[in-house]
>>> print(open('run26.txt').read())   # compact mmCIF, C-alpha atoms
# COMPACT_ATOMS: atom_id res chain seq x y z
CA MET T 130 99.27 -49.10 117.49
CA THR T 131 98.48 -50.91 120.72
CA VAL T 132 101.43 -51.40 123.05
CA THR T 133 101.41 -54.72 124.88
CA HIS T 134 103.27 -55.45 128.10
CA THR T 135 104.28 -58.69 129.73
CA PRO T 136 101.72 -59.31 132.50
CA LYS T 137 103.03 -58.20 135.88
CA LYS T 138 101.51 -58.18 139.34
CA LEU T 139 101.00 -55.33 141.79
CA PHE T 140 100.58 -55.65 145.56
CA ILE T 141 99.52 -52.58 147.55
CA LYS T 142 99.14 -52.42 151.32
CA THR T 143 97.35 -49.33 152.61
CA TRP T 144 97.35 -47.80 156.06
CA GLY T 145 95.32 -44.87 157.31
CA CYS T 146 92.48 -42.74 156.07
CA GLN T 147 90.11 -42.98 153.13
CA MET T 148 92.33 -40.60 151.21
CA ASN T 149 95.08 -43.19 151.33
CA VAL T 150 92.59 -45.79 150.09
CA TYR T 151 91.71 -43.46 147.21
CA ASP T 152 95.41 -42.83 146.49
CA SER T 153 96.14 -46.56 146.42
CA GLY T 154 93.37 -47.09 143.91
CA ARG T 155 94.70 -44.32 141.73
CA MET T 156 98.23 -45.75 141.90
CA ALA T 157 96.81 -49.00 140.55
CA ASP T 158 95.18 -46.97 137.75
CA VAL T 159 98.50 -45.26 136.95
CA VAL T 160 100.49 -48.49 136.58
CA ALA T 161 97.77 -50.53 134.85
CA PRO T 162 98.86 -49.33 131.37
CA LEU T 163 102.33 -50.68 132.20
CA GLY T 164 100.86 -54.16 132.52
CA TYR T 165 100.47 -54.38 136.31
CA ALA T 166 97.40 -56.26 137.55
CA PRO T 167 96.48 -56.40 141.27
CA THR T 168 97.34 -59.42 143.41
CA ASP T 169 96.60 -60.20 147.05
CA VAL T 170 99.71 -62.38 147.38
CA VAL T 171 102.77 -60.30 148.18
CA GLY T 172 105.21 -63.03 147.14
CA ASP T 173 103.78 -63.06 143.60
CA ALA T 174 104.17 -59.31 143.08
CA ASP T 175 106.57 -57.65 140.67
CA LEU T 176 105.84 -54.32 142.35
CA VAL T 177 105.04 -53.91 146.05
CA ILE T 178 103.81 -50.53 147.32
CA PHE T 179 103.32 -49.68 150.97
CA ASN T 180 101.05 -46.64 151.16
CA THR T 181 101.71 -45.24 154.61
CA CYS T 182 100.01 -43.02 157.18
CA HIS T 183 101.89 -40.91 159.71
CA ILE T 184 98.93 -40.26 162.01
CA ARG T 185 98.74 -43.53 163.88
CA GLU T 186 101.07 -44.52 166.70
CA LYS T 187 104.29 -46.32 165.76
CA ALA T 188 103.55 -45.88 162.08
CA THR T 189 107.23 -45.88 161.12
CA GLU T 190 108.08 -49.04 163.05
CA LYS T 191 105.09 -50.86 161.55
CA LEU T 192 106.40 -49.93 158.12
CA PHE T 193 109.87 -51.29 158.83
CA SER T 194 108.39 -54.53 160.14
CA GLU T 195 106.54 -54.94 156.83
CA LEU T 196 109.66 -54.05 154.87
CA GLY T 197 111.62 -56.72 156.72
CA ARG T 198 109.06 -59.32 155.71
CA VAL T 199 108.91 -58.25 152.08
CA ARG T 200 112.72 -58.31 151.88
CA ALA T 201 112.60 -62.09 152.19
CA HIS T 202 110.26 -62.27 149.19
CA GLN T 203 112.49 -59.86 147.29
CA LYS T 204 115.56 -62.05 147.92
CA ALA T 205 113.65 -65.16 146.81
CA ARG T 206 112.74 -63.45 143.55
CA GLU T 207 116.36 -62.41 143.02
CA ALA T 208 117.52 -65.99 143.61
CA ALA T 209 115.04 -67.15 140.98
CA GLY T 210 116.42 -64.67 138.47
CA SER T 211 113.57 -62.16 138.57
CA ARG T 212 112.95 -58.87 140.32
CA MET T 213 110.54 -57.43 142.85
CA MET T 214 110.45 -53.64 143.06
CA VAL T 215 109.55 -52.24 146.47
CA ALA T 216 108.13 -48.76 146.99
CA VAL T 217 107.14 -46.76 150.05
CA ALA T 218 104.50 -44.10 149.40
CA GLY T 219 102.41 -41.74 151.47
CA CYS T 220 102.96 -39.61 154.51
CA VAL T 221 105.70 -41.63 156.23
CA ALA T 222 107.62 -41.56 152.96
CA GLN T 223 107.14 -37.80 152.74
CA ALA T 224 108.27 -37.21 156.32
CA GLU T 225 111.05 -39.77 156.65
CA GLY T 226 112.33 -40.52 153.16
CA PRO T 227 116.08 -40.35 153.95
CA GLU T 228 115.60 -42.52 157.06
CA ILE T 229 113.79 -45.15 154.97
CA GLN T 230 116.66 -45.13 152.49
CA ARG T 231 119.18 -45.51 155.31
CA ARG T 232 117.43 -48.33 157.15
CA ALA T 233 116.05 -50.18 154.11
CA PRO T 234 118.43 -49.63 151.17
CA TYR T 235 116.66 -52.38 149.22
CA VAL T 236 113.62 -50.11 148.79
CA ASP T 237 113.59 -48.91 145.19
CA MET T 238 111.23 -45.93 145.40
CA VAL T 239 110.26 -43.54 148.18
CA PHE T 240 107.68 -40.92 147.26
CA GLY T 241 105.14 -38.69 148.94
CA PRO T 242 101.39 -38.43 148.36
CA GLN T 243 101.80 -35.60 145.85
CA ALA T 244 104.04 -37.60 143.51
CA TYR T 245 102.32 -40.90 142.76
CA HIS T 246 101.15 -39.72 139.35
CA GLN T 247 104.86 -39.88 138.41
CA LEU T 248 105.02 -43.63 139.12
CA PRO T 249 105.62 -44.68 135.47
CA GLU T 250 108.63 -42.40 135.26
CA MET T 251 109.95 -43.61 138.62
CA ILE T 252 109.54 -47.26 137.61
CA ALA T 253 111.40 -46.56 134.38
CA ARG T 254 114.28 -44.95 136.28
CA VAL T 255 114.57 -47.94 138.59
CA SER T 256 114.41 -50.34 135.63
CA ARG T 257 117.25 -48.47 133.96
CA GLY T 258 119.36 -49.02 137.05
CA THR T 259 119.79 -45.35 137.91
CA GLY T 260 119.52 -46.03 141.64
CA VAL T 261 116.93 -45.50 144.34
CA VAL T 262 114.25 -42.92 143.55
CA LEU T 263 113.46 -40.42 146.32
CA ASN T 264 110.61 -38.10 145.35
CA THR T 265 109.27 -36.09 148.27
CA GLU T 266 108.98 -32.71 146.62
CA PHE T 267 105.67 -30.90 146.24
CA PRO T 268 105.47 -30.70 142.43
CA PRO T 269 104.15 -27.49 140.86
CA GLU T 270 101.64 -29.33 138.66
CA PRO T 271 98.49 -30.74 140.30
CA LYS T 272 98.77 -34.53 140.33
CA PHE T 273 95.08 -34.92 139.44
CA ASP T 274 95.71 -33.44 135.99
CA ALA T 275 98.08 -36.32 135.19
CA LEU T 276 95.92 -39.24 136.37
CA PRO T 277 94.13 -41.65 134.01
CA SER T 278 90.49 -40.82 133.47
CA GLU T 279 89.32 -44.40 134.07
CA HIS T 280 89.36 -46.29 137.36
CA THR T 281 90.49 -49.92 137.21
CA ASP T 282 88.28 -51.14 140.07
CA THR T 283 85.16 -49.04 140.61
CA LYS T 284 82.99 -50.27 143.45
CA VAL T 285 79.36 -49.52 144.33
CA SER T 286 80.65 -47.13 146.99
CA ALA T 287 83.51 -45.05 145.60
CA PHE T 288 85.87 -42.39 146.92
CA LEU T 289 86.62 -39.16 145.07
CA SER T 290 89.32 -36.80 146.28
CA VAL T 291 88.33 -33.13 145.88
CA GLN T 292 90.72 -31.35 148.23
CA GLU T 293 94.13 -32.07 149.72
CA GLY T 294 96.44 -30.52 152.27
CA CYS T 295 95.75 -28.43 155.31
CA ASP T 296 96.34 -24.84 156.40
CA LYS T 297 95.05 -25.29 159.97
CA PHE T 298 98.33 -26.38 161.63
CA CYS T 299 96.89 -28.16 164.65
CA THR T 300 99.81 -28.61 167.00
CA PHE T 301 99.49 -32.41 167.11
CA CYS T 302 99.22 -33.02 163.37
CA VAL T 303 101.76 -33.75 160.63
CA VAL T 304 99.37 -33.34 157.68
CA PRO T 305 100.43 -29.78 156.72
CA TYR T 306 104.01 -31.04 156.48
CA THR T 307 103.29 -34.29 154.62
CA ARG T 308 100.37 -33.29 152.38
CA GLY T 309 101.21 -29.61 151.94
CA ALA T 310 99.01 -26.55 151.74
CA GLU T 311 95.32 -26.73 150.94
CA TYR T 312 94.59 -27.37 147.28
CA SER T 313 91.15 -27.74 145.72
CA ARG T 314 90.48 -29.37 142.38
CA SER T 315 88.32 -27.63 139.82
CA ALA T 316 84.63 -28.41 140.01
CA VAL T 317 84.65 -29.44 136.34
CA SER T 318 87.29 -32.14 136.92
CA ILE T 319 85.40 -33.44 139.96
CA ILE T 320 82.08 -33.57 138.12
CA ARG T 321 83.66 -35.43 135.20
CA GLU T 322 85.29 -37.98 137.50
CA ALA T 323 82.05 -38.46 139.41
CA GLU T 324 80.15 -39.04 136.15
CA ARG T 325 82.73 -41.61 135.06
CA LEU T 326 82.52 -43.38 138.41
CA VAL T 327 78.74 -43.63 138.07
CA GLN T 328 79.07 -44.89 134.48
CA GLN T 329 81.44 -47.58 135.80
CA GLY T 330 78.98 -48.72 138.48
CA ALA T 331 79.35 -46.43 141.49
CA ARG T 332 76.07 -45.55 143.19
CA GLU T 333 77.52 -43.80 146.23
CA ILE T 334 80.36 -41.29 146.17
CA THR T 335 82.24 -40.04 149.20
CA LEU T 336 84.11 -36.78 148.63
CA LEU T 337 87.48 -36.74 150.37
CA GLY T 338 89.77 -34.07 151.71
CA GLN T 339 91.97 -33.38 154.70
CA ASN T 340 89.63 -30.44 155.24
CA VAL T 341 86.99 -31.33 152.69
CA ASN T 342 84.57 -28.59 153.70
CA ALA T 343 87.30 -26.01 153.05
CA PHE T 344 86.91 -26.89 149.36
CA HIS T 345 87.10 -23.81 147.15
CA GLY T 346 87.51 -25.00 143.57
CA GLU T 347 86.95 -23.08 140.38
CA GLY T 348 83.48 -23.67 139.00
CA PRO T 349 82.50 -24.04 135.32
CA ASP T 350 81.15 -20.49 135.46
CA GLY T 351 84.57 -19.12 136.48
CA THR T 352 83.54 -18.37 140.06
CA ILE T 353 84.85 -20.16 143.14
CA TRP T 354 82.53 -22.91 144.33
CA ASN T 355 82.30 -24.08 147.91
CA LEU T 356 81.51 -27.64 148.93
CA GLY T 357 77.80 -27.02 149.29
CA ARG T 358 77.48 -25.74 145.74
CA LEU T 359 79.50 -28.71 144.46
CA LEU T 360 77.18 -31.15 146.26
CA TYR T 361 74.09 -29.56 144.69
CA ARG T 362 75.63 -30.11 141.25
CA LEU T 363 76.77 -33.69 141.91
CA ALA T 364 73.27 -34.60 143.10
CA GLU T 365 72.06 -33.98 139.54
CA ILE T 366 74.07 -36.93 138.14
CA PRO T 367 71.64 -39.65 136.95
CA ARG T 368 71.85 -43.02 138.77
CA LEU T 369 73.88 -41.58 141.64
CA LYS T 370 71.97 -42.53 144.77
CA ARG T 371 74.10 -41.29 147.67
CA LEU T 372 76.62 -38.58 148.54
CA ARG T 373 78.89 -38.26 151.56
CA TYR T 374 81.97 -36.21 152.45
CA THR T 375 84.80 -36.47 154.97
CA THR T 376 86.76 -35.18 156.87
CA SER T 377 85.39 -31.79 157.94
CA HIS T 378 86.53 -29.03 160.27
CA PRO T 379 84.03 -27.20 162.50
CA ARG T 380 85.32 -23.81 161.33
CA ASP T 381 84.36 -24.54 157.72
CA MET T 382 80.69 -25.48 158.17
CA ASP T 383 79.22 -22.60 156.18
CA GLU T 384 75.52 -21.93 155.62
CA THR T 385 75.48 -23.27 152.05
CA LEU T 386 76.78 -26.61 153.23
CA ILE T 387 74.34 -26.83 156.13
CA THR T 388 71.47 -25.92 153.80
CA ALA T 389 72.62 -28.68 151.43
CA HIS T 390 71.93 -31.16 154.24
CA ARG T 391 68.37 -29.88 154.31
CA ASP T 392 67.79 -29.79 150.56
CA ILE T 393 69.63 -32.75 149.02
CA PRO T 394 68.08 -36.19 149.54
CA HIS T 395 71.23 -37.78 148.10
CA LEU T 396 73.31 -36.31 150.94
CA MET T 397 73.30 -38.89 153.71
CA PRO T 398 72.25 -37.83 157.23
CA PHE T 399 75.60 -38.76 158.74
CA MET T 400 78.35 -36.27 159.56
CA HIS T 401 81.93 -36.93 160.68
CA LEU T 402 82.99 -33.72 162.38
CA PRO T 403 86.10 -34.00 164.60
CA VAL T 404 86.12 -31.97 167.81
CA GLN T 405 89.18 -33.60 169.49
CA SER T 406 88.43 -32.27 173.01
CA GLY T 407 85.63 -30.73 175.04
CA SER T 408 88.00 -28.43 176.91
CA ASP T 409 88.54 -24.92 175.56
CA ARG T 410 91.95 -24.80 177.23
CA ILE T 411 93.08 -27.94 175.42
CA LEU T 412 91.48 -26.85 172.14
CA GLU T 413 93.53 -23.67 172.32
CA LYS T 414 96.72 -25.65 172.98
CA MET T 415 95.82 -27.81 169.99
CA ASN T 416 95.39 -24.65 167.85
CA ARG T 417 91.98 -25.90 166.74
CA LYS T 418 90.66 -22.33 166.42
CA HIS T 419 87.22 -23.26 167.74
CA THR T 420 85.74 -23.64 171.20
CA ALA T 421 83.48 -26.35 172.59
CA ASP T 422 80.55 -23.94 172.31
CA ASP T 423 81.44 -23.21 168.69
CA TYR T 424 81.15 -26.93 168.07
CA ARG T 425 77.83 -27.13 169.89
CA ARG T 426 76.43 -24.29 167.77
CA VAL T 427 77.47 -26.04 164.55
CA ILE T 428 75.73 -29.21 165.70
CA ASP T 429 72.59 -27.24 166.59
CA ARG T 430 72.51 -25.70 163.10
CA LEU T 431 72.98 -29.11 161.49
CA ARG T 432 70.18 -30.64 163.56
CA ASP T 433 67.89 -27.75 162.74
CA ALA T 434 68.53 -28.32 159.02
CA ARG T 435 68.41 -32.12 159.17
CA PRO T 436 66.77 -33.41 162.38
CA ASP T 437 67.68 -37.04 161.63
CA VAL T 438 71.41 -36.35 161.25
CA ALA T 439 73.72 -38.69 163.16
CA LEU T 440 77.20 -37.69 164.23
CA SER T 441 80.68 -39.09 164.34
CA SER T 442 83.80 -37.42 165.69
CA ASP T 443 87.49 -37.77 166.60
CA PHE T 444 88.86 -37.43 170.12
CA ILE T 445 92.41 -37.21 171.46
CA VAL T 446 92.90 -37.95 175.16
CA GLY T 447 95.99 -37.26 177.21
CA PHE T 448 97.11 -34.22 175.21
CA PRO T 449 100.05 -32.46 176.92
CA GLY T 450 98.80 -30.63 180.00
CA GLU T 451 95.34 -32.25 179.99
CA THR T 452 93.95 -32.21 183.53
CA ASP T 453 91.16 -34.25 185.09
CA ASP T 454 88.88 -31.24 184.61
CA ASP T 455 89.82 -31.00 180.91
CA PHE T 456 89.03 -34.66 180.42
CA ALA T 457 85.75 -34.28 182.32
CA ALA T 458 84.80 -31.52 179.88
CA THR T 459 85.30 -33.94 177.00
CA LEU T 460 83.06 -36.53 178.67
CA ALA T 461 80.43 -33.86 179.29
CA LEU T 462 80.47 -32.82 175.63
CA VAL T 463 80.06 -36.43 174.51
CA ARG T 464 77.12 -36.98 176.86
CA GLU T 465 75.46 -33.76 175.73
CA ILE T 466 75.76 -34.25 171.97
CA GLY T 467 75.62 -38.03 171.57
CA PHE T 468 77.49 -39.83 168.81
CA ALA T 469 76.47 -42.71 166.55
CA GLN T 470 80.14 -43.63 166.26
CA ALA T 471 83.51 -42.06 166.97
CA TYR T 472 87.26 -42.56 166.80
CA SER T 473 89.33 -41.97 169.91
CA PHE T 474 93.05 -42.18 170.49
CA LYS T 475 95.74 -41.51 173.03
CA TYR T 476 97.89 -38.53 172.16
CA SER T 477 101.25 -39.65 170.77
CA ARG T 478 104.13 -37.41 169.79
CA ARG T 479 104.79 -36.73 166.13
CA PRO T 480 108.35 -35.51 165.47
CA GLY T 481 108.43 -31.96 164.20
CA THR T 482 105.01 -30.97 165.53
CA PRO T 483 104.73 -28.23 168.19
CA ALA T 484 102.93 -30.51 170.65
CA ALA T 485 105.84 -32.93 170.69
CA ALA T 486 107.93 -30.31 172.51
CA MET T 487 105.22 -29.18 174.94
CA PRO T 488 105.78 -29.64 178.67
CA ASN T 489 103.54 -31.79 180.88
CA GLN T 490 103.35 -34.81 178.62
CA ILE T 491 100.79 -37.18 180.15
CA ALA T 492 101.89 -40.54 181.55
CA ASP T 493 100.81 -43.66 179.67
CA ASP T 494 98.80 -45.11 182.55
CA ILE T 495 96.72 -41.92 182.83
CA GLN T 496 96.19 -41.85 179.07
CA ASP T 497 95.13 -45.50 179.10
CA ALA T 498 92.60 -44.97 181.89
CA ARG T 499 91.08 -41.91 180.23
CA LEU T 500 90.87 -43.58 176.85
CA ALA T 501 89.15 -46.62 178.34
CA GLU T 502 86.57 -44.43 180.08
CA LEU T 503 85.87 -42.38 176.96
CA GLN T 504 85.64 -45.42 174.70
CA ALA T 505 83.21 -47.13 177.08
CA LEU T 506 80.92 -44.10 176.89
CA LEU T 507 81.20 -43.86 173.10
CA ARG T 508 80.56 -47.59 172.72
CA THR T 509 77.42 -47.31 174.85
CA GLN T 510 76.16 -44.45 172.70
CA GLN T 511 76.85 -46.37 169.49
CA GLU T 512 75.02 -49.45 170.75
CA GLU T 513 72.08 -47.34 171.89
CA PHE T 514 71.89 -45.61 168.51
CA ASN T 515 71.86 -48.96 166.73
CA ARG T 516 69.18 -50.36 169.06
CA ARG T 517 66.92 -47.39 168.35
CA LEU T 518 66.71 -48.60 164.74
CA LEU T 519 65.28 -51.99 165.68
CA GLY T 520 61.96 -52.57 163.95
CA LYS T 521 62.41 -49.57 161.67
CA GLU T 522 62.41 -49.60 157.89
CA ILE T 523 65.75 -48.26 156.60
CA PRO T 524 67.04 -47.87 153.01
CA VAL T 525 70.17 -49.97 152.49
CA LEU T 526 72.58 -49.69 149.58
CA PHE T 527 73.99 -53.16 148.86
CA GLU T 528 77.70 -53.08 148.03
CA ASN T 529 78.65 -56.73 147.51
CA PRO T 530 77.81 -60.32 148.42
CA SER T 531 78.68 -61.06 152.04
CA GLU T 532 81.15 -63.76 153.03
CA HIS T 533 78.10 -65.44 154.57
CA THR T 534 76.43 -67.59 151.89
CA GLY T 535 73.19 -66.17 150.56
CA LYS T 536 73.61 -62.78 152.20
CA LEU T 537 74.45 -59.31 150.95
CA PHE T 538 76.58 -56.67 152.62
CA GLY T 539 75.38 -53.08 152.57
CA ARG T 540 75.26 -49.84 154.51
CA THR T 541 72.49 -47.73 155.96
CA PRO T 542 72.35 -43.96 155.47
CA TYR T 543 74.20 -43.75 158.81
CA LEU T 544 77.13 -45.77 157.43
CA GLN T 545 76.29 -48.79 159.55
CA ALA T 546 77.29 -52.15 158.13
CA ILE T 547 74.41 -54.58 157.62
CA ARG T 548 73.93 -58.13 156.36
CA VAL T 549 70.68 -59.18 154.71
CA VAL T 550 69.55 -62.36 152.96
CA GLY T 551 69.27 -61.43 149.30
CA ALA T 552 70.19 -62.30 145.73
CA PRO T 553 73.42 -61.04 144.11
CA HIS T 554 71.51 -59.05 141.46
CA LEU T 555 70.55 -56.57 144.20
CA VAL T 556 74.16 -55.34 144.48
CA GLY T 557 74.21 -51.68 143.51
CA GLU T 558 70.55 -51.21 144.41
CA GLU T 559 69.06 -49.38 147.38
CA TRP T 560 66.32 -51.42 149.05
CA SER T 561 64.21 -50.99 152.16
CA VAL T 562 65.18 -53.27 155.05
CA VAL T 563 63.52 -53.85 158.41
CA ILE T 564 66.21 -53.86 161.10
CA GLU T 565 65.93 -57.00 163.22
CA ASP T 566 69.16 -57.22 165.22
CA SER T 567 72.04 -54.95 166.15
CA SER T 568 75.45 -54.97 167.77
CA ALA T 569 78.12 -52.29 168.06
CA HIS T 570 79.49 -52.97 164.58
CA MET T 571 76.87 -54.83 162.54
CA LEU T 572 73.13 -54.80 161.89
CA SER T 573 70.95 -57.46 160.31
CA GLY T 574 67.48 -57.33 158.82
CA SER T 575 65.06 -58.50 156.15
CA LEU T 576 64.17 -57.05 152.77
CA MET T 577 60.90 -55.15 153.03
CA LEU T 578 60.09 -54.30 149.41
CA ILE T 579 60.31 -55.98 146.05
CA ASP T 580 60.83 -52.70 144.20
CA ALA T 581 64.07 -50.74 144.23
CA ALA T 582 63.95 -47.67 146.42
>>> encode(input="run26.txt", output="structure tokens")
Amino acid sequence: MTVTHTPKKLFIKTWGCQMNVYDSGRMADVVAPLGYAPTDVVGDADLVIFNTCHIREKATEKLFSELGRVRAHQKAREAAGSRMMVAVAGCVAQAEGPEIQRRAPYVDMVFGPQAYHQLPEMIARVSRGTGVVLNTEFPPEPKFDALPSEHTDTKVSAFLSVQEGCDKFCTFCVVPYTRGAEYSRSAVSIIREAERLVQQGAREITLLGQNVNAFHGEGPDGTIWNLGRLLYRLAEIPRLKRLRYTTSHPRDMDETLITAHRDIPHLMPFMHLPVQSGSDRILEKMNRKHTADDYRRVIDRLRDARPDVALSSDFIVGFPGETDDDFAATLALVREIGFAQAYSFKYSRRPGTPAAAMPNQIADDIQDARLAELQALLRTQQEEFNRRLLGKEIPVLFENPSEHTGKLFGRTPYLQAIRVVGAPHLVGEEWSVVIEDSSAHMLSGSLMLIDAA
């Protein structure tokens, strides 16, 4: 017998990394059988979920600002005789659940990133009037085992979470406390999900993990597979055109993974590999467990295996105790290696992390000046990398029609965004494009071939 539900609407706002984007999509999958369909209008929603990130500065205050705004919608629904459930999910929920309950008692559910597969049960508890649900435990059962097999909104470029949590304990980072210890899914479950994504229209899959290259899942043969071996297997899936993975740690770049970059055409020549600082003294204070030279050697091995590889990284400036010489070492590393793109931030304290209690916290004006100098250098490198592609023929995977009439939006192998005049039927296809113009954040070009690449 088919169970029908009164149509309801779901609004999700997501902050943070691609893993949060993946989690938000899977939350939509979990509540779809309950009759919830996505909406972009928060006031129309029967269920509002804020999927939070604790990494960015002032993450908690941004959440409470959003909660204040949604409270007005919630009151309007109550006045009209209906109900709007409000939930806070993700890493801020995991870290500050009781504080959210105290400051925003109208929030119905507060749950961490390991508990969203229990959403139907939590919604039922709220509907029964049993009070606010706080679920920030790390459940013993893997959440992936309880998720629906189908995705409600598969795109041409899809995310697939293969690993969660972190055992590295960098002194600036809250992830080990909000996502828990490292956990790797089985290779069989990943392969099945990847095959379903491709059947539903995905042509590019990005494997996700807090330390994705620390993946060590059980393989179908009963042995433990590393990420490289998993990539070799995923590349065998028919109609899958591209593979990527993020985010990696320099310590976990093993030889199998580097060789995969040489051997697998599906694996895009673009690597996001955070270094955080070019100073060994600061790297030690960060507990990164690698030196600047360790990082250089990894990059050399990657470039030997795949000479056309382009690099992205993360940088933190103004870490406690960072001197002018430490910062100069970071600039020197950037100039030496060269990055196609990068993410850079001022250090900001995260309660409960060791770095928050370190002496010699750096003044804001010094942090601001250093960040501006670093970002100017990184921006110059990104613009130069884009300009070097002018006149070249590059394969582009088209993801969707652009907001510009008659154009398509796609991405190059180097993850650059590009707009090209083309027909909608090309979405999902990889076509050769001649690059004609570039800026820091967007390329443009013309279709070169009439046959799919």
>>> closest_atom_pairs(input="run26.txt", of="region 430-506 of chain T", to="region 417-423 of chain T", cutoff="10 Å", atoms="all atoms listed in the file", output="tab-separated table")
residue	atom	partner	partner_atom	distance
T:Ala458	CA	T:Ala421	CA	9.0
T:Thr459	CA	T:Ala421	CA	9.0
T:Leu462	CA	T:Ala421	CA	7.8
>>> closest_residue(input="run26.txt", among="T:Gln490, T:Asn180, T:Ser408, T:Gln470", to="Gln510 (chain T)", atoms="all atoms listed in the file")
T:Gln470
>>> closest_residue(input="run26.txt", among="T:Asn529, T:Ser290, T:Gln496, T:Ser406", to="Met148 (chain T)", atoms="all atoms listed in the file")
T:Ser290
>>> residues_around(input="run26.txt", residues="His570 (chain T)", least_positions_apart="5", cutoff="10 Å", atoms="all atoms listed in the file", output="MDAnalysis selection string")
chainID T and resid 470 508 511:512 515 545:547
>>> residues_near_point(input="run26.txt", point="(75.6, -46.3, 154.2)", cutoff="9 Å", atoms="all atoms listed in the file", output="NGL selection string")
:T and (286 or 333 or 371 or 397 or 399 or 524-527 or 539-546)
>>> residues_around(input="run26.txt", residues="region 548-558 of chain T", least_positions_apart="2", cutoff="7 Å", atoms="all atoms listed in the file", output="MDAnalysis selection string")
chainID T and resid 285 332 526:530 535:539 560 572:575 581
>>> write_last_selection(input="run26.txt", atoms="C-alpha atoms", output="PDB file, in the coordinates of the input")
ATOM      1  CA  VAL T 285      79.360 -49.520 144.330  1.00  0.00           C
ATOM      2  CA  ARG T 332      76.070 -45.550 143.190  1.00  0.00           C
ATOM      3  CA  LEU T 526      72.580 -49.690 149.580  1.00  0.00           C
ATOM      4  CA  PHE T 527      73.990 -53.160 148.860  1.00  0.00           C
ATOM      5  CA  GLU T 528      77.700 -53.080 148.030  1.00  0.00           C
ATOM      6  CA  ASN T 529      78.650 -56.730 147.510  1.00  0.00           C
ATOM      7  CA  PRO T 530      77.810 -60.320 148.420  1.00  0.00           C
ATOM      8  CA  GLY T 535      73.190 -66.170 150.560  1.00  0.00           C
ATOM      9  CA  LYS T 536      73.610 -62.780 152.200  1.00  0.00           C
ATOM     10  CA  LEU T 537      74.450 -59.310 150.950  1.00  0.00           C
ATOM     11  CA  PHE T 538      76.580 -56.670 152.620  1.00  0.00           C
ATOM     12  CA  GLY T 539      75.380 -53.080 152.570  1.00  0.00           C
ATOM     13  CA  TRP T 560      66.320 -51.420 149.050  1.00  0.00           C
ATOM     14  CA  LEU T 572      73.130 -54.800 161.890  1.00  0.00           C
ATOM     15  CA  SER T 573      70.950 -57.460 160.310  1.00  0.00           C
ATOM     16  CA  GLY T 574      67.480 -57.330 158.820  1.00  0.00           C
ATOM     17  CA  SER T 575      65.060 -58.500 156.150  1.00  0.00           C
ATOM     18  CA  ALA T 581      64.070 -50.740 144.230  1.00  0.00           C
TER      19      ALA T 581
END
>>> residues_near_point(input="run26.txt", point="(84.4, -22.5, 147.1)", cutoff="8 Å", atoms="all atoms listed in the file", output="NGL selection string")
:T and (343-347 or 353-356 or 358)
>>> residues_around(input="run26.txt", residues="Ala484 (chain T)", least_positions_apart="5", cutoff="12 Å", atoms="only C-alpha atoms", output="PyMOL selection string")
chain T and resi 298-303+411+413-416+447-450+476-479+489-491
>>> closest_residue(input="run26.txt", among="T:Ser194, T:Thr181, T:Gln147, T:Ser531", to="Ala224 (chain T)", atoms="all atoms listed in the file")
T:Thr181
>>> atom_distance(input="run26.txt", atom1="CA of Glu266 (chain T)", atom2="CA of Gly154 (chain T)")
21.4 Å
>>> closest_residue(input="run26.txt", among="T:Phe444, T:Tyr361, T:Phe288, T:Tyr312", to="Leu412 (chain T)", atoms="all atoms listed in the file")
T:Phe444
>>> atom_distance(input="run26.txt", atom1="CA of His246 (chain T)", atom2="CA of Met156 (chain T)")
7.2 Å
>>> decode(input="run26.txt", residues="region 526-533 of chain T", atoms="N, CA and C atoms", output="compact mmCIF listing (two decimals), in the first residue's frame")
# COMPACT_ATOMS: atom_id res chain seq x y z
N LEU T 526 32.83 20.45 -19.17
CA LEU T 526 31.62 19.70 -18.83
C LEU T 526 30.52 20.71 -18.52
N PHE T 527 29.45 20.70 -19.30
CA PHE T 527 28.37 21.66 -19.12
C PHE T 527 27.39 21.16 -18.06
N GLU T 528 27.15 22.02 -17.04
CA GLU T 528 26.35 21.62 -15.90
C GLU T 528 24.91 22.08 -15.97
N ASN T 529 24.66 23.25 -16.56
CA ASN T 529 23.30 23.77 -16.63
C ASN T 529 23.26 25.01 -17.52
N PRO T 530 22.07 25.40 -17.98
CA PRO T 530 21.97 26.65 -18.71
C PRO T 530 22.37 27.82 -17.83
N SER T 531 23.09 28.76 -18.38
CA SER T 531 23.50 29.95 -17.64
C SER T 531 22.32 30.90 -17.49
N GLU T 532 22.45 31.82 -16.51
CA GLU T 532 21.42 32.85 -16.38
C GLU T 532 21.45 33.82 -17.55
N HIS T 533 22.53 33.79 -18.33
CA HIS T 533 22.62 34.59 -19.54
C HIS T 533 21.97 33.82 -20.70
